[in-house]
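Colleague: Input file: data_39.cif. Contents: mmCIF, C-alpha atoms.
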```
data_query
loop_
_atom_site.label_atom_id
_atom_site.label_comp_id
_atom_site.auth_asym_id
_atom_site.auth_seq_id
_atom_site.Cartn_x
_atom_site.Cartn_y
_atom_site.Cartn_z
CA MET A 1 0.00 0.00 0.00
CA ASN A 2 1.23 3.51 -0.88
CA ILE A 3 -0.11 6.92 0.22
CA GLN A 4 0.96 9.90 -1.88
CA GLU A 5 0.25 13.58 -1.26
CA ARG A 6 -1.12 15.63 -4.13
CA ARG A 7 -0.39 19.35 -4.09
CA ASN A 8 -1.50 22.37 -6.11
CA LYS A 9 0.69 25.06 -7.71
CA ASP A 10 1.04 26.79 -4.35
CA GLY A 11 2.41 23.64 -2.76
CA LYS A 12 -0.68 23.05 -0.61
CA ILE A 13 -2.05 19.53 -0.19
CA THR A 14 -5.35 18.98 -2.06
CA SER A 15 -5.78 15.22 -1.68
CA TYR A 16 -4.13 11.90 -0.90
CA ARG A 17 -3.73 9.18 -3.52
CA ILE A 18 -3.90 5.65 -2.11
CA ARG A 19 -2.49 2.84 -4.25
CA VAL A 20 -3.05 -0.82 -3.30
CA PHE A 21 -1.76 -3.93 -5.06
CA ASP A 22 -4.66 -6.06 -6.32
CA HIS A 23 -3.28 -8.93 -8.42
CA ARG A 24 -0.82 -9.85 -11.14
CA ASP A 25 -2.00 -10.23 -14.75
CA THR A 26 -1.77 -13.91 -15.67
CA ASP A 27 -0.90 -13.16 -19.32
CA THR A 28 1.67 -10.38 -18.99
CA GLY A 29 2.79 -10.77 -15.37
CA LYS A 30 2.13 -7.04 -14.87
CA GLN A 31 1.10 -5.85 -11.42
CA ILE A 32 -2.46 -4.50 -11.24
CA PHE A 33 -3.24 -1.79 -8.66
CA LYS A 34 -6.43 -0.18 -7.41
CA ASN A 35 -6.54 3.48 -6.48
CA LEU A 36 -8.50 5.71 -4.14
CA SER A 37 -8.50 9.48 -3.80
CA VAL A 38 -9.15 11.07 -0.37
CA LYS A 39 -9.88 14.83 -0.36
CA TYR A 40 -7.99 17.14 1.99
CA ASP A 41 -10.27 18.78 4.56
CA LYS A 42 -9.11 22.42 4.89
CA SER A 43 -10.98 22.86 8.16
CA LYS A 44 -8.79 20.22 9.82
CA SER A 45 -5.10 20.12 10.59
CA GLU A 46 -2.53 18.44 8.36
CA SER A 47 -1.87 15.73 10.95
CA TRP A 48 -5.61 14.97 11.18
CA ASN A 49 -5.88 14.72 7.38
CA ARG A 50 -2.86 12.41 7.27
CA LYS A 51 -4.35 10.10 9.90
CA ASN A 52 -7.70 10.15 8.10
CA ALA A 53 -5.98 9.18 4.84
CA GLU A 54 -4.19 6.31 6.61
CA LYS A 55 -7.51 5.18 8.10
CA GLN A 56 -9.24 5.28 4.69
CA ALA A 57 -6.26 3.46 3.19
CA ALA A 58 -6.57 0.63 5.70
CA ILE A 59 -10.30 0.27 4.95
CA PHE A 60 -9.59 0.43 1.22
CA GLU A 61 -6.84 -2.20 1.43
CA LYS A 62 -9.16 -4.55 3.30
CA GLY A 63 -11.85 -3.97 0.68
CA VAL A 64 -9.39 -4.80 -2.09
CA GLU A 65 -8.47 -8.03 -0.34
CA GLU A 66 -12.15 -8.94 0.04
CA GLN A 67 -12.93 -7.78 -3.54
CA THR A 68 -15.66 -5.38 -2.36
CA VAL A 69 -14.25 -2.10 -3.75
CA CYS A 70 -13.40 -0.80 -7.19
CA ASP A 71 -10.73 1.38 -8.71
CA SER A 72 -12.12 4.88 -8.19
CA ARG A 73 -10.68 6.07 -11.53
CA ILE A 74 -12.55 3.65 -13.83
CA THR A 75 -15.45 5.31 -15.63
CA PHE A 76 -18.37 3.51 -17.25
CA ALA A 77 -17.16 4.43 -20.76
CA GLU A 78 -13.66 3.08 -20.11
CA TYR A 79 -14.87 -0.15 -18.59
CA ALA A 80 -17.63 -0.70 -21.18
CA GLU A 81 -15.07 -0.44 -23.99
CA TYR A 82 -12.93 -3.03 -22.21
CA VAL A 83 -15.93 -5.36 -21.85
CA VAL A 84 -16.96 -5.03 -25.52
CA LYS A 85 -13.39 -5.63 -26.69
CA SER A 86 -13.07 -8.71 -24.46
CA LYS A 87 -16.38 -10.15 -25.67
CA GLU A 88 -15.47 -9.41 -29.29
CA GLN A 89 -12.28 -11.45 -28.93
CA SER A 90 -14.04 -14.39 -27.33
CA CYS A 91 -17.75 -14.90 -27.90
CA ILE A 92 -19.66 -12.29 -29.93
CA ALA A 93 -19.87 -11.49 -33.64
CA SER A 94 -18.33 -8.33 -35.07
CA SER A 95 -21.82 -7.01 -35.90
CA THR A 96 -22.90 -7.46 -32.26
CA ALA A 97 -19.78 -5.63 -31.07
CA TYR A 98 -20.61 -2.83 -33.51
CA ASN A 99 -24.14 -2.54 -32.07
CA TYR A 100 -22.70 -2.47 -28.55
CA ARG A 101 -20.40 0.41 -29.48
CA VAL A 102 -23.32 2.31 -31.05
CA LYS A 103 -25.13 1.98 -27.71
CA LEU A 104 -22.00 3.09 -25.86
CA GLN A 105 -21.77 6.25 -27.99
CA LYS A 106 -25.39 6.99 -27.10
CA LEU A 107 -24.65 6.55 -23.38
CA LYS A 108 -21.33 8.40 -23.20
CA PRO A 109 -22.81 11.91 -22.83
CA ILE A 110 -25.20 10.65 -20.15
CA ILE A 111 -23.20 8.26 -17.93
CA GLY A 112 -19.87 7.71 -19.71
CA HIS A 113 -18.00 10.00 -17.33
CA ILE A 114 -19.45 8.46 -14.14
CA GLN A 115 -17.16 6.16 -12.18
CA LEU A 116 -18.42 2.61 -11.73
CA LYS A 117 -18.60 2.94 -7.95
CA ASP A 118 -20.93 5.93 -8.36
CA LEU A 119 -23.17 4.34 -10.99
CA LEU A 120 -25.87 3.56 -8.43
CA PRO A 121 -29.54 2.76 -9.22
CA LYS A 122 -30.57 6.39 -8.71
CA ALA A 123 -27.98 7.61 -11.24
CA LEU A 124 -29.14 5.03 -13.78
CA ASN A 125 -32.82 5.86 -13.28
CA ASN A 126 -32.02 9.54 -13.82
CA ALA A 127 -30.17 8.60 -17.00
CA TYR A 128 -33.20 6.67 -18.30
CA SER A 129 -35.44 9.67 -17.58
CA GLU A 130 -33.05 12.00 -19.38
CA LEU A 131 -33.00 9.74 -22.45
CA LEU A 132 -36.80 9.55 -22.55
CA LYS A 133 -37.12 13.34 -22.27
CA ALA A 134 -34.69 13.68 -25.18
CA GLY A 135 -37.07 11.67 -27.36
CA THR A 136 -35.47 8.22 -27.17
CA SER A 137 -38.09 5.48 -27.48
CA LYS A 138 -38.95 3.26 -24.52
CA SER A 139 -37.85 0.19 -26.46
CA TYR A 140 -34.40 1.61 -27.18
CA VAL A 141 -33.93 2.82 -23.59
CA HIS A 142 -34.80 -0.73 -22.54
CA ASP A 143 -32.10 -2.01 -24.93
CA LEU A 144 -29.60 0.48 -23.48
CA HIS A 145 -30.47 -0.77 -19.99
CA GLY A 146 -29.70 -4.32 -21.14
CA PHE A 147 -26.28 -3.21 -22.36
CA ILE A 148 -25.55 -1.39 -19.08
CA ARG A 149 -26.64 -4.46 -17.12
CA ASN A 150 -24.29 -6.70 -19.12
CA VAL A 151 -21.35 -4.35 -18.48
CA MET A 152 -22.09 -4.06 -14.77
CA GLU A 153 -22.48 -7.84 -14.50
CA VAL A 154 -18.93 -8.29 -15.77
CA ALA A 155 -17.74 -5.64 -13.31
CA TYR A 156 -19.47 -7.52 -10.49
CA LYS A 157 -17.96 -10.88 -11.53
CA GLU A 158 -14.50 -9.30 -11.70
CA GLY A 159 -14.96 -7.89 -8.20
CA ILE A 160 -14.88 -4.25 -9.28
CA VAL A 161 -18.31 -3.44 -7.83
CA PRO A 162 -20.00 -5.19 -4.87
CA ARG A 163 -23.19 -5.91 -6.86
CA ASN A 164 -24.85 -5.22 -10.20
CA TYR A 165 -26.48 -1.86 -9.59
CA ALA A 166 -28.52 -2.13 -12.83
CA ASP A 167 -30.57 -4.96 -11.28
CA ALA A 168 -32.16 -2.48 -8.87
CA THR A 169 -33.19 0.08 -11.50
CA MET A 170 -36.60 0.77 -13.06
CA PRO A 171 -36.10 0.89 -16.85
CA PRO A 172 -39.13 1.53 -19.08
CA LYS A 173 -40.87 -1.59 -20.30
CA ARG A 174 -40.33 -2.55 -23.91
CA ASN A 175 -43.39 -2.17 -26.11
CA LYS A 176 -44.21 -5.67 -27.31
CA ASN A 177 -43.80 -5.80 -31.06
CA THR A 178 -46.73 -7.49 -32.78
CA VAL A 179 -45.91 -9.52 -35.84
CA VAL A 180 -47.88 -7.99 -38.70
CA ALA A 181 -48.47 -10.27 -41.68
CA LEU A 182 -49.86 -8.95 -44.94
CA THR A 183 -53.50 -9.68 -45.73
CA GLU A 184 -54.62 -11.39 -48.92
CA ASP A 185 -55.89 -8.07 -50.32
CA GLU A 186 -52.61 -6.32 -49.51
CA LEU A 187 -50.60 -9.06 -51.21
CA ASN A 188 -52.80 -8.96 -54.31
CA ALA A 189 -52.56 -5.17 -54.55
CA PHE A 190 -48.79 -5.23 -54.10
CA TYR A 191 -48.05 -7.98 -56.63
CA THR A 192 -50.53 -6.51 -59.15
CA ALA A 193 -48.64 -3.21 -59.05
CA LEU A 194 -45.26 -4.96 -59.03
CA PHE A 195 -45.95 -7.10 -62.11
CA SER A 196 -47.55 -4.25 -64.05
CA ASP A 197 -44.23 -2.91 -65.35
CA GLU A 198 -41.20 -4.78 -66.75
CA LYS A 199 -38.79 -2.24 -65.24
CA TYR A 200 -39.52 -3.86 -61.85
CA TYR A 201 -38.38 -7.26 -63.16
CA VAL A 202 -35.55 -7.80 -60.63
CA TYR A 203 -37.85 -6.95 -57.73
CA GLN A 204 -40.58 -9.18 -59.15
CA VAL A 205 -38.19 -12.09 -58.75
CA LEU A 206 -36.85 -10.88 -55.42
CA PHE A 207 -40.22 -10.46 -53.69
CA SER A 208 -41.56 -13.68 -55.20
CA LEU A 209 -38.60 -15.51 -53.65
CA LEU A 210 -38.88 -13.62 -50.38
CA LEU A 211 -42.48 -14.76 -49.84
CA SER A 212 -42.00 -18.33 -51.04
CA MET A 213 -38.79 -18.88 -49.05
CA GLY A 214 -39.89 -17.04 -45.89
CA CYS A 215 -36.25 -16.14 -45.23
CA ARG A 216 -34.75 -12.93 -43.88
CA ILE A 217 -33.96 -10.15 -46.36
CA GLY A 218 -30.28 -10.27 -45.32
CA GLU A 219 -30.17 -13.97 -46.19
CA LEU A 220 -31.83 -13.48 -49.57
CA CYS A 221 -29.52 -10.63 -50.58
CA ALA A 222 -26.49 -12.76 -49.64
CA LEU A 223 -27.41 -15.56 -52.09
CA SER A 224 -24.91 -16.54 -54.78
CA TRP A 225 -25.65 -18.69 -57.82
CA ASP A 226 -23.58 -21.46 -56.22
CA ASP A 227 -26.30 -21.68 -53.55
CA VAL A 228 -29.02 -22.51 -56.11
CA ASP A 229 -29.40 -26.15 -57.13
CA PHE A 230 -31.69 -26.26 -60.17
CA ASP A 231 -31.55 -30.06 -60.42
CA GLU A 232 -32.66 -30.67 -56.82
CA LYS A 233 -34.90 -27.60 -56.81
CA CYS A 234 -33.49 -26.21 -53.57
CA ILE A 235 -31.68 -23.12 -52.30
CA HIS A 236 -28.92 -23.26 -49.68
CA ILE A 237 -29.11 -20.56 -46.99
CA HIS A 238 -25.78 -20.22 -45.20
CA ARG A 239 -24.76 -16.55 -45.33
CA HIS A 240 -26.22 -13.19 -44.39
CA PHE A 241 -25.51 -9.45 -44.43
CA VAL A 242 -23.90 -7.94 -41.33
CA HIS A 243 -23.24 -4.36 -40.30
CA ASP A 244 -20.02 -3.79 -38.38
CA LYS A 245 -17.26 -1.17 -38.17
CA THR A 246 -16.18 -1.93 -41.75
CA GLY A 247 -19.70 -1.31 -43.11
CA ARG A 248 -22.27 -3.72 -44.60
CA HIS A 249 -20.98 -6.91 -46.16
CA VAL A 250 -21.80 -10.59 -46.64
CA GLU A 251 -20.55 -12.97 -43.96
CA ASP A 252 -20.60 -16.75 -43.69
CA GLY A 253 -23.05 -18.15 -41.16
CA CYS A 254 -26.58 -17.14 -40.21
CA LYS A 255 -28.29 -15.17 -37.48
CA THR A 256 -28.94 -18.34 -35.43
CA THR A 257 -27.20 -21.70 -35.12
CA ALA A 258 -30.17 -23.29 -36.91
CA GLY A 259 -30.03 -20.70 -39.68
CA GLU A 260 -28.16 -22.82 -42.22
CA ARG A 261 -30.74 -24.78 -44.17
CA PHE A 262 -31.87 -26.04 -47.58
CA LEU A 263 -35.19 -24.66 -48.85
CA TYR A 264 -37.02 -26.67 -51.49
CA MET A 265 -38.93 -24.64 -54.09
CA ASP A 266 -41.73 -25.52 -56.50
CA ASP A 267 -41.45 -25.60 -60.30
CA GLY A 268 -42.97 -22.15 -60.75
CA ILE A 269 -40.36 -20.40 -58.61
CA MET A 270 -37.45 -22.41 -60.03
CA ASN A 271 -38.54 -21.67 -63.61
CA MET A 272 -38.77 -17.96 -62.75
CA LEU A 273 -35.29 -18.12 -61.23
CA LEU A 274 -33.90 -19.98 -64.26
CA GLU A 275 -35.27 -17.37 -66.65
CA TYR A 276 -33.90 -14.62 -64.42
CA ARG A 277 -30.47 -16.27 -64.41
CA GLN A 278 -30.34 -16.26 -68.20
CA LYS A 279 -31.07 -12.52 -68.28
CA TYR A 280 -28.57 -12.05 -65.46
CA LEU A 281 -25.77 -13.75 -67.43
CA PHE A 282 -26.68 -11.77 -70.55
CA GLY A 283 -26.40 -8.53 -68.55
CA ALA A 284 -23.07 -9.63 -67.09
CA ILE A 285 -21.66 -10.29 -70.58
CA ARG A 286 -22.76 -6.88 -71.86
CA ASN A 287 -21.51 -4.92 -68.83
CA LYS A 288 -17.70 -4.90 -68.70
CA GLU A 289 -17.78 -3.51 -65.14
CA TRP A 290 -19.77 -6.51 -63.87
CA ASN A 291 -18.06 -8.35 -61.00
CA ILE A 292 -18.43 -11.95 -62.18
CA ASP A 293 -16.44 -13.40 -59.26
CA GLU A 294 -19.06 -12.52 -56.64
CA LYS A 295 -21.81 -14.57 -58.37
CA ALA A 296 -24.44 -12.57 -56.49
CA VAL A 297 -28.02 -13.54 -57.38
CA PHE A 298 -29.23 -9.99 -56.79
CA SER A 299 -26.78 -7.36 -57.94
CA SER A 300 -26.13 -3.81 -56.76
CA VAL A 301 -27.01 -1.10 -59.27
CA GLN A 302 -24.06 1.09 -58.27
CA HIS A 303 -21.61 -1.84 -58.27
CA PRO A 304 -22.79 -4.36 -60.90
CA GLY A 305 -22.20 -7.96 -59.89
CA GLU A 306 -21.72 -7.20 -56.19
CA TYR A 307 -24.36 -8.15 -53.62
CA LEU A 308 -27.47 -6.01 -53.35
CA CYS A 309 -27.64 -4.35 -49.91
CA PRO A 310 -30.80 -5.02 -47.83
CA ASN A 311 -31.09 -1.29 -47.12
CA THR A 312 -31.48 -0.70 -50.86
CA VAL A 313 -34.45 -3.08 -50.91
CA ARG A 314 -35.98 -1.35 -47.89
CA SER A 315 -35.66 2.06 -49.55
CA TRP A 316 -37.02 0.76 -52.85
CA ILE A 317 -40.20 -0.80 -51.42
CA LYS A 318 -40.85 2.33 -49.37
CA ASN A 319 -40.75 4.50 -52.50
CA PHE A 320 -42.66 1.91 -54.56
CA THR A 321 -45.61 1.60 -52.16
CA LYS A 322 -45.81 5.39 -51.81
CA LYS A 323 -45.83 5.84 -55.57
CA HIS A 324 -48.69 3.31 -56.04
CA GLY A 325 -50.74 4.46 -53.06
CA LEU A 326 -50.17 1.24 -51.11
CA PRO A 327 -49.64 0.81 -47.36
CA THR A 328 -45.97 1.01 -46.41
CA PHE A 329 -44.49 -2.49 -46.27
CA HIS A 330 -41.29 -3.71 -44.69
CA PRO A 331 -39.42 -6.60 -46.37
CA HIS A 332 -39.52 -8.56 -43.10
CA GLN A 333 -43.33 -8.59 -43.32
CA PHE A 334 -43.05 -11.01 -46.23
CA ARG A 335 -41.25 -13.43 -43.90
CA HIS A 336 -44.02 -13.00 -41.31
CA THR A 337 -46.63 -13.54 -44.01
CA SER A 338 -44.95 -16.69 -45.31
CA ILE A 339 -44.71 -18.27 -41.86
CA SER A 340 -48.28 -17.23 -40.97
CA LEU A 341 -49.61 -18.81 -44.18
CA GLN A 342 -47.78 -22.04 -43.38
CA LEU A 343 -49.28 -22.17 -39.89
CA GLN A 344 -52.80 -21.48 -41.16
CA ALA A 345 -52.36 -24.25 -43.75
CA GLY A 346 -51.83 -26.74 -40.94
CA ILE A 347 -48.13 -27.47 -41.54
CA SER A 348 -46.44 -28.78 -38.37
CA VAL A 349 -44.64 -26.23 -36.22
CA PRO A 350 -41.32 -28.18 -36.19
CA ASP A 351 -41.29 -28.20 -40.02
CA ILE A 352 -42.06 -24.47 -40.15
CA ALA A 353 -39.37 -23.69 -37.55
CA LYS A 354 -36.81 -25.67 -39.58
CA ARG A 355 -37.65 -23.81 -42.79
CA ALA A 356 -37.66 -20.43 -41.00
CA GLY A 357 -34.27 -21.08 -39.40
CA HIS A 358 -35.58 -20.84 -35.83
CA SER A 359 -33.53 -22.62 -33.19
CA ARG A 360 -36.58 -24.30 -31.58
CA PRO A 361 -40.28 -24.81 -32.48
CA ASP A 362 -41.35 -22.94 -29.36
CA VAL A 363 -39.62 -19.83 -30.74
CA THR A 364 -41.89 -20.03 -33.78
CA LEU A 365 -44.99 -20.50 -31.63
CA GLY A 366 -43.98 -17.67 -29.31
CA ILE A 367 -43.77 -15.24 -32.23
CA TYR A 368 -46.63 -16.42 -34.39
CA ALA A 369 -49.15 -18.01 -32.00
CA HIS A 370 -51.57 -15.11 -32.48
CA THR A 371 -51.92 -15.99 -36.16
CA LEU A 372 -53.64 -19.24 -35.16
CA LYS A 373 -56.58 -17.54 -33.43
CA ASN A 374 -58.60 -17.77 -36.64
CA ASN A 375 -58.33 -21.57 -36.43
CA ASP A 376 -60.43 -21.69 -33.25
CA LYS A 377 -63.72 -21.89 -35.19
CA HIS A 378 -62.37 -24.66 -37.39
CA ILE A 379 -61.13 -26.59 -34.33
CA SER A 380 -64.57 -26.35 -32.73
CA GLU A 381 -66.24 -27.71 -35.88
CA VAL A 382 -63.79 -30.61 -36.12
CA VAL A 383 -64.21 -31.62 -32.48
CA THR A 384 -68.02 -31.43 -32.46
CA GLN A 385 -68.19 -33.80 -35.41
CA ALA A 386 -67.53 -36.58 -32.92
CA ILE A 387 -70.89 -35.93 -31.24
CA PRO A 388 -73.70 -38.22 -32.64
#
```
Just give me the structure as structure tokens.

Modeller:
Amino acid sequence: MNIQERRNKDGKITSYRIRVFDHRDTDTGKQIFKNLSVKYDKSKSESWNRKNAEKQAAIFEKGVEEQTVCDSRITFAEYAEYVVKSKEQSCIASSTAYNYRVKLQKLKPIIGHIQLKDLLPKALNNAYSELLKAGTSKSYVHDLHGFIRNVMEVAYKEGIVPRNYADATMPPKRNKNTVVALTEDELNAFYTALFSDEKYYVYQVLFSLLLSMGCRIGELCALSWDDVDFDEKCIHIHRHFVHDKTGRHVEDGCKTTAGERFLYMDDGIMNMLLEYRQKYLFGAIRNKEWNIDEKAVFSSVQHPGEYLCPNTVRSWIKNFTKKHGLPTFHPHQFRHTSISLQLQAGISVPDIAKRAGHSRPDVTLGIYAHTLKNNDKHISEVVTQAIP
């Protein structure tokens, strides 16, 4: 343990810095210390302040030994960056780390400067209130709370704070998102407008595939021609778009461990895709700038041959529906619609979950159970048929 006096320009003592050995880093062998600052009380004598510093140092040293105190200099922003970097190296995807850092940037002006030992429930609740007053949605504040809780949980497990202060806070409840599938009339109106003009040809194929496959838009945009088996009439889903610090790009793997799958398609869809491929190859031959190596099924307009970005599709359908006086659709609603139609058709939940890339059937039921409420009348009719 070391006690050091800190003085101002006039040579007067302003505080005492207490430095206590904590442990030795197992990788580098470097000594790790924890620090405490004790303010100098001007109303007391120098000898009293020295004894008080020694008393606080003894308490602090005992706390370090029992792992019940933290380094007073560590702020939330500093420690959160350390946690994200550690998780990025061990267990999380680069896109998840990117999302964590986006949340950290949002939190820095609010709590980034606060030391971990001072990040008590009251300080966190005040931060949530400040975010809500600034116009941040309840759902996003709830997400920010989850990030803070994860960081504080690591701090607790490493013995930097005595408990996870975020557990005692009152974050706003997340508004439950209701899965909205498209109605039959909405689908008819959309596809009628879509197939009315040949200039929409690429999107005719894209949205026909999106509904029939029931996949995520990031998975569809990441398809290459090597993933399409025309002989077996199936499409291999095994890649998706991610957004990380390098930007948006295609990455191997899927959103979930069950995401990799083979989707079998009917003759109509495969014939449409075969015709589209012929036009695709013809366009690639004519355009010298076309990136043949990528083999992207859906190509970027700005960079011919490279993968079409999901954000481009989202922007396109927003403008398209507005132009034709249709309700605003989101590409993910076609996935919801596909899965809802499968459930209403009586296909087993395990089969639907497998095709959707859900990790478990109960995940599918948890999201789409409300779509089965219309089956209640049919169930009643089936059961009562057993009565003579």

Colleague: Interatomic distance between CA of Ala193 in chain A and CA of Gln333 in chain A?

Modeller: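 That distance, rounded to one decimal, is 17.5 Å.
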
Colleague: Give as a VMD selection string the residues that the PyMOL selection byres ((chain A and resi 241-256) around 10) matches when applied to the coordinates above.

Modeller: chain A and resid 93 to 99 101 to 102 216 to 223 237 to 240 257 to 261 307 to 311 357 to 359

Colleague: Record the distance separating CA of Ile110 in chain A and CA of Ala127 in chain A, expressed in Å with one decimal.

Modeller: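 Computed distance, CA of Ile110 in chain A to CA of Ala127 in chain A, equals 6.2 Å.
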
Colleague: Rounded to one decimal, what separation in Å do you get between CA of Glu186 in chain A and CA of Leu263 in chain A?

Modeller: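 Separating CA of Glu186 in chain A from CA of Leu263 in chain A is a distance of 25.3 Å.
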
Colleague: Could you state which residues are captured by the PyMOL selection byres ((chain A and resi 64) around 12) in this file, as a PyMOL selection string?

Modeller: chain A and resi 1+18-23+32-36+57-63+65-72+158-162

Colleague: Take the residues from that selection and put them in a file with C-alpha atoms, as a PDB file, in the coordinates of the input.

Modeller:
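As a result, part27.pdb now contains:
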```pdb
ATOM      1  CA  MET A   1       0.000   0.000   0.000  1.00  0.00           C
ATOM      2  CA  ILE A  18      -3.900   5.650  -2.110  1.00  0.00           C
ATOM      3  CA  ARG A  19      -2.490   2.840  -4.250  1.00  0.00           C
ATOM      4  CA  VAL A  20      -3.050  -0.820  -3.300  1.00  0.00           C
ATOM      5  CA  PHE A  21      -1.760  -3.930  -5.060  1.00  0.00           C
ATOM      6  CA  ASP A  22      -4.660  -6.060  -6.320  1.00  0.00           C
ATOM      7  CA  HIS A  23      -3.280  -8.930  -8.420  1.00  0.00           C
ATOM      8  CA  ILE A  32      -2.460  -4.500 -11.240  1.00  0.00           C
ATOM      9  CA  PHE A  33      -3.240  -1.790  -8.660  1.00  0.00           C
ATOM     10  CA  LYS A  34      -6.430  -0.180  -7.410  1.00  0.00           C
ATOM     11  CA  ASN A  35      -6.540   3.480  -6.480  1.00  0.00           C
ATOM     12  CA  LEU A  36      -8.500   5.710  -4.140  1.00  0.00           C
ATOM     13  CA  ALA A  57      -6.260   3.460   3.190  1.00  0.00           C
ATOM     14  CA  ALA A  58      -6.570   0.630   5.700  1.00  0.00           C
ATOM     15  CA  ILE A  59     -10.300   0.270   4.950  1.00  0.00           C
ATOM     16  CA  PHE A  60      -9.590   0.430   1.220  1.00  0.00           C
ATOM     17  CA  GLU A  61      -6.840  -2.200   1.430  1.00  0.00           C
ATOM     18  CA  LYS A  62      -9.160  -4.550   3.300  1.00  0.00           C
ATOM     19  CA  GLY A  63     -11.850  -3.970   0.680  1.00  0.00           C
ATOM     20  CA  GLU A  65      -8.470  -8.030  -0.340  1.00  0.00           C
ATOM     21  CA  GLU A  66     -12.150  -8.940   0.040  1.00  0.00           C
ATOM     22  CA  GLN A  67     -12.930  -7.780  -3.540  1.00  0.00           C
ATOM     23  CA  THR A  68     -15.660  -5.380  -2.360  1.00  0.00           C
ATOM     24  CA  VAL A  69     -14.250  -2.100  -3.750  1.00  0.00           C
ATOM     25  CA  CYS A  70     -13.400  -0.800  -7.190  1.00  0.00           C
ATOM     26  CA  ASP A  71     -10.730   1.380  -8.710  1.00  0.00           C
ATOM     27  CA  SER A  72     -12.120   4.880  -8.190  1.00  0.00           C
ATOM     28  CA  GLU A 158     -14.500  -9.300 -11.700  1.00  0.00           C
ATOM     29  CA  GLY A 159     -14.960  -7.890  -8.200  1.00  0.00           C
ATOM     30  CA  ILE A 160     -14.880  -4.250  -9.280  1.00  0.00           C
ATOM     31  CA  VAL A 161     -18.310  -3.440  -7.830  1.00  0.00           C
ATOM     32  CA  PRO A 162     -20.000  -5.190  -4.870  1.00  0.00           C
TER      33      PRO A 162
END
```

Colleague: List as a list of chain:residue names: which residues have an atom within 9 Å of (-43.4, -18.3, -42.3), counting all atoms listed in the file?

Modeller: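 I get A:Leu211, A:Ser212, A:Met213, A:Gly214, A:Cys215, A:Phe334, A:Arg335, A:His336, A:Thr337, A:Ser338, A:Ile339, A:Ser340, A:Leu341, A:Gln342, A:Leu343, A:Ile352, A:Ala353, A:Arg355, A:Ala356, A:Thr364, A:Tyr368 for the residues within 9 Å of that point.
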
Colleague: Looking at only C-alpha atoms, which of A:Val180, A:Ala80, A:Ile114, A:Leu120 is the one that sits closest to Val151 in chain A?

Modeller: A:Ala80
